[in-house]
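Structure file protein_31.pdb (PDB, C-alpha atoms) follows.
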```
ATOM      1  CA  MET A   1     -23.794  43.863 -32.671  1.00  0.00           C
ATOM      2  CA  SER A   2     -25.398  43.243 -36.033  1.00  0.00           C
ATOM      3  CA  THR A   3     -24.940  39.763 -37.436  1.00  0.00           C
ATOM      4  CA  GLU A   4     -23.631  41.316 -40.650  1.00  0.00           C
ATOM      5  CA  LEU A   5     -20.733  42.905 -38.770  1.00  0.00           C
ATOM      6  CA  LEU A   6     -20.242  39.838 -36.590  1.00  0.00           C
ATOM      7  CA  ALA A   7     -19.790  37.704 -39.717  1.00  0.00           C
ATOM      8  CA  ARG A   8     -16.648  39.733 -40.525  1.00  0.00           C
ATOM      9  CA  ILE A   9     -14.935  38.506 -37.331  1.00  0.00           C
ATOM     10  CA  THR A  10     -13.398  35.045 -37.640  1.00  0.00           C
ATOM     11  CA  HIS A  11     -11.567  32.688 -35.289  1.00  0.00           C
ATOM     12  CA  ASP A  12      -9.298  30.091 -36.848  1.00  0.00           C
ATOM     13  CA  PRO A  13      -6.576  28.337 -34.857  1.00  0.00           C
ATOM     14  CA  ALA A  14      -4.423  28.304 -38.016  1.00  0.00           C
ATOM     15  CA  VAL A  15      -4.612  32.099 -38.430  1.00  0.00           C
ATOM     16  CA  MET A  16      -2.902  34.338 -35.857  1.00  0.00           C
ATOM     17  CA  GLY A  17      -3.189  31.673 -33.167  1.00  0.00           C
ATOM     18  CA  GLY A  18      -6.984  31.779 -33.169  1.00  0.00           C
ATOM     19  CA  ARG A  19      -7.225  35.428 -32.177  1.00  0.00           C
ATOM     20  CA  PRO A  20     -10.243  37.250 -33.589  1.00  0.00           C
ATOM     21  CA  CYS A  21      -9.397  38.393 -37.123  1.00  0.00           C
ATOM     22  CA  ILE A  22     -11.082  40.274 -39.915  1.00  0.00           C
ATOM     23  CA  ARG A  23     -12.570  38.031 -42.601  1.00  0.00           C
ATOM     24  CA  GLY A  24     -10.036  35.239 -42.124  1.00  0.00           C
ATOM     25  CA  MET A  25      -7.104  37.514 -42.880  1.00  0.00           C
ATOM     26  CA  ARG A  26      -4.135  38.189 -40.641  1.00  0.00           C
ATOM     27  CA  GLY A  27      -5.467  41.535 -39.425  1.00  0.00           C
ATOM     28  CA  THR A  28      -6.574  41.123 -35.822  1.00  0.00           C
ATOM     29  CA  VAL A  29      -9.292  42.958 -33.967  1.00  0.00           C
ATOM     30  CA  GLY A  30      -6.655  43.923 -31.398  1.00  0.00           C
ATOM     31  CA  THR A  31      -4.436  45.539 -34.017  1.00  0.00           C
ATOM     32  CA  LEU A  32      -7.265  47.646 -35.428  1.00  0.00           C
ATOM     33  CA  VAL A  33      -8.602  48.716 -32.055  1.00  0.00           C
ATOM     34  CA  GLY A  34      -5.064  49.464 -30.879  1.00  0.00           C
ATOM     35  CA  LEU A  35      -4.423  51.735 -33.858  1.00  0.00           C
ATOM     36  CA  LEU A  36      -7.644  53.635 -33.229  1.00  0.00           C
ATOM     37  CA  ALA A  37      -6.852  53.903 -29.518  1.00  0.00           C
ATOM     38  CA  ALA A  38      -3.428  55.322 -30.413  1.00  0.00           C
ATOM     39  CA  GLY A  39      -5.159  58.159 -32.231  1.00  0.00           C
ATOM     40  CA  HIS A  40      -5.169  56.972 -35.831  1.00  0.00           C
ATOM     41  CA  ALA A  41      -8.264  57.931 -37.788  1.00  0.00           C
ATOM     42  CA  ILE A  42     -10.265  55.240 -39.566  1.00  0.00           C
ATOM     43  CA  GLU A  43      -9.119  56.684 -42.882  1.00  0.00           C
ATOM     44  CA  GLU A  44      -5.463  56.281 -41.817  1.00  0.00           C
ATOM     45  CA  VAL A  45      -6.058  52.669 -40.815  1.00  0.00           C
ATOM     46  CA  LEU A  46      -7.661  51.983 -44.194  1.00  0.00           C
ATOM     47  CA  GLU A  47      -4.642  53.513 -45.922  1.00  0.00           C
ATOM     48  CA  LEU A  48      -2.279  51.343 -43.855  1.00  0.00           C
ATOM     49  CA  TYR A  49      -4.335  48.233 -44.637  1.00  0.00           C
ATOM     50  CA  PRO A  50      -5.804  48.763 -48.132  1.00  0.00           C
ATOM     51  CA  TYR A  51      -7.411  45.305 -48.163  1.00  0.00           C
ATOM     52  CA  LEU A  52      -9.717  46.344 -45.305  1.00  0.00           C
ATOM     53  CA  GLU A  53     -13.072  48.032 -45.644  1.00  0.00           C
ATOM     54  CA  ARG A  54     -14.674  50.591 -43.361  1.00  0.00           C
ATOM     55  CA  ASP A  55     -17.162  47.951 -42.167  1.00  0.00           C
ATOM     56  CA  ASP A  56     -14.199  45.802 -41.082  1.00  0.00           C
ATOM     57  CA  VAL A  57     -13.051  48.561 -38.744  1.00  0.00           C
ATOM     58  CA  MET A  58     -16.587  49.047 -37.448  1.00  0.00           C
ATOM     59  CA  ALA A  59     -16.875  45.291 -36.912  1.00  0.00           C
ATOM     60  CA  ALA A  60     -13.641  45.299 -34.890  1.00  0.00           C
ATOM     61  CA  LEU A  61     -14.906  48.134 -32.701  1.00  0.00           C
ATOM     62  CA  SER A  62     -18.288  46.476 -32.202  1.00  0.00           C
ATOM     63  CA  TYR A  63     -16.681  43.150 -31.362  1.00  0.00           C
ATOM     64  CA  ALA A  64     -14.287  44.750 -28.874  1.00  0.00           C
ATOM     65  CA  ALA A  65     -17.142  46.604 -27.175  1.00  0.00           C
ATOM     66  CA  TRP A  66     -19.201  43.429 -26.997  1.00  0.00           C
ATOM     67  CA  ARG A  67     -16.304  41.470 -25.485  1.00  0.00           C
ATOM     68  CA  ALA A  68     -15.614  44.226 -22.949  1.00  0.00           C
ATOM     69  CA  GLU A  69     -19.158  43.854 -21.648  1.00  0.00           C
ATOM     70  CA  GLU A  70     -18.998  40.081 -21.470  1.00  0.00           C
ATOM     71  CA  VAL A  71     -18.932  38.631 -17.966  1.00  0.00           C
ATOM     72  CA  GLU A  72     -16.942  35.515 -17.217  1.00  0.00           C
ATOM     73  CA  LEU A  73     -18.274  33.456 -14.355  1.00  0.00           C
ATOM     74  CA  PRO A  74     -16.129  30.967 -12.452  1.00  0.00           C
ATOM     75  CA  LEU A  75     -17.148  27.327 -12.626  1.00  0.00           C
ATOM     76  CA  LYS A  76     -17.935  25.633  -9.368  1.00  0.00           C
ATOM     77  CA  ALA A  77     -15.522  22.873  -8.440  1.00  0.00           C
ATOM     78  CA  SER A  78     -17.111  19.471  -8.160  1.00  0.00           C
ATOM     79  CA  SER A  79     -15.829  16.318  -6.520  1.00  0.00           C
ATOM     80  CA  LYS A  80     -17.766  14.216  -9.020  1.00  0.00           C
ATOM     81  CA  PHE A  81     -16.881  13.816 -12.648  1.00  0.00           C
ATOM     82  CA  TRP A  82     -19.499  13.727 -15.361  1.00  0.00           C
ATOM     83  CA  TRP A  83     -18.338  10.309 -16.537  1.00  0.00           C
ATOM     84  CA  THR A  84     -18.810   8.614 -13.157  1.00  0.00           C
TER      85      THR A  84
END
```
Written form, structure tokens:
Amino acid sequence: MSTELLARITHDPAVMGGRPCIRGMRGTVGTLVGLLAAGHAIEEVLELYPYLERDDVMAALSYAAWRAEEVELPLKASSKFWWT
């Protein structure tokens, strides 16, 4: 993902519970991707949310694709704590 697009995705605990949003606004990546998955064209999404730009939608798609490829690895349990 280009860093320019990545900069459009923000995480703020005070906005939408910290979910990934577009440029600090209340539009979430999940909402945009969900609308596109439901068959709405990008142009329709931009009409529904006039404060968004085409690059915002592309950023949401890129972010979602990047997260889908991310691998979460389990942490190994340890009997020792780091502070001991």
Self-check item: Nearby residues (all atoms listed in the file) at most 6 Å from range 20-22 of chain A, same-chain spacing under 4 positions excluded, as an NGL selection string
Solution: :A and (8-11 or 27-29)
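Between Gly34 in chain A and the residues A:Val15, A:Pro50, A:Leu6, A:Val57, the shortest atom-to-atom distance, using all atoms listed in the file, involves A:Val57.
Between CA of Thr31 in chain A and CA of Asp56 in chain A the separation is 12.1 Å.
CA of Ala38 in chain A lies 17.8 Å from CA of Arg54 in chain A.
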Quiz item: By how many Å are CA of Gly18 in chain A and CA of Leu48 in chain A apart?
Solution: 22.8 Å
Exercise. Check which residues satisfy the PyMOL selection byres ((chain A and resi 63) around 8) in the file shown, then give them as a PyMOL selection string.
Key: chain A and resi 1+6+9+29+59-62+64-67
Edge lengths and centre in Å to one decimal, as AutoDock Vina command-line options, of the axis-aligned box that encloses all listed atoms of range 20-25 of chain A with 8 Å added on every side?
```
--center_x -9.8 --center_y 37.8 --center_z -38.2 --size_x 21.5 --size_y 21.0 --size_z 25.3
```
Practice problem: Please identify all polymer residues within 9 Å of range 45-47 of chain A, counting all atoms listed in the file, omitting same-chain residues fewer than 3 positions from it, and present them as a PyMOL selection string. | Solution: chain A and resi 32+35-36+40-42+50-54+57
Write out, as a short mmCIF file (atom, residue, chain, number, x, y, z; two decimals), in the coordinates of the input, the residues just selected, with C-alpha atoms.
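Full text of selection.cif as output:
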```
data_model
loop_
_atom_site.label_atom_id
_atom_site.label_comp_id
_atom_site.auth_asym_id
_atom_site.auth_seq_id
_atom_site.Cartn_x
_atom_site.Cartn_y
_atom_site.Cartn_z
CA LEU A 32 -7.26 47.65 -35.43
CA LEU A 35 -4.42 51.74 -33.86
CA LEU A 36 -7.64 53.64 -33.23
CA HIS A 40 -5.17 56.97 -35.83
CA ALA A 41 -8.26 57.93 -37.79
CA ILE A 42 -10.26 55.24 -39.57
CA PRO A 50 -5.80 48.76 -48.13
CA TYR A 51 -7.41 45.30 -48.16
CA LEU A 52 -9.72 46.34 -45.30
CA GLU A 53 -13.07 48.03 -45.64
CA ARG A 54 -14.67 50.59 -43.36
CA VAL A 57 -13.05 48.56 -38.74
#
```
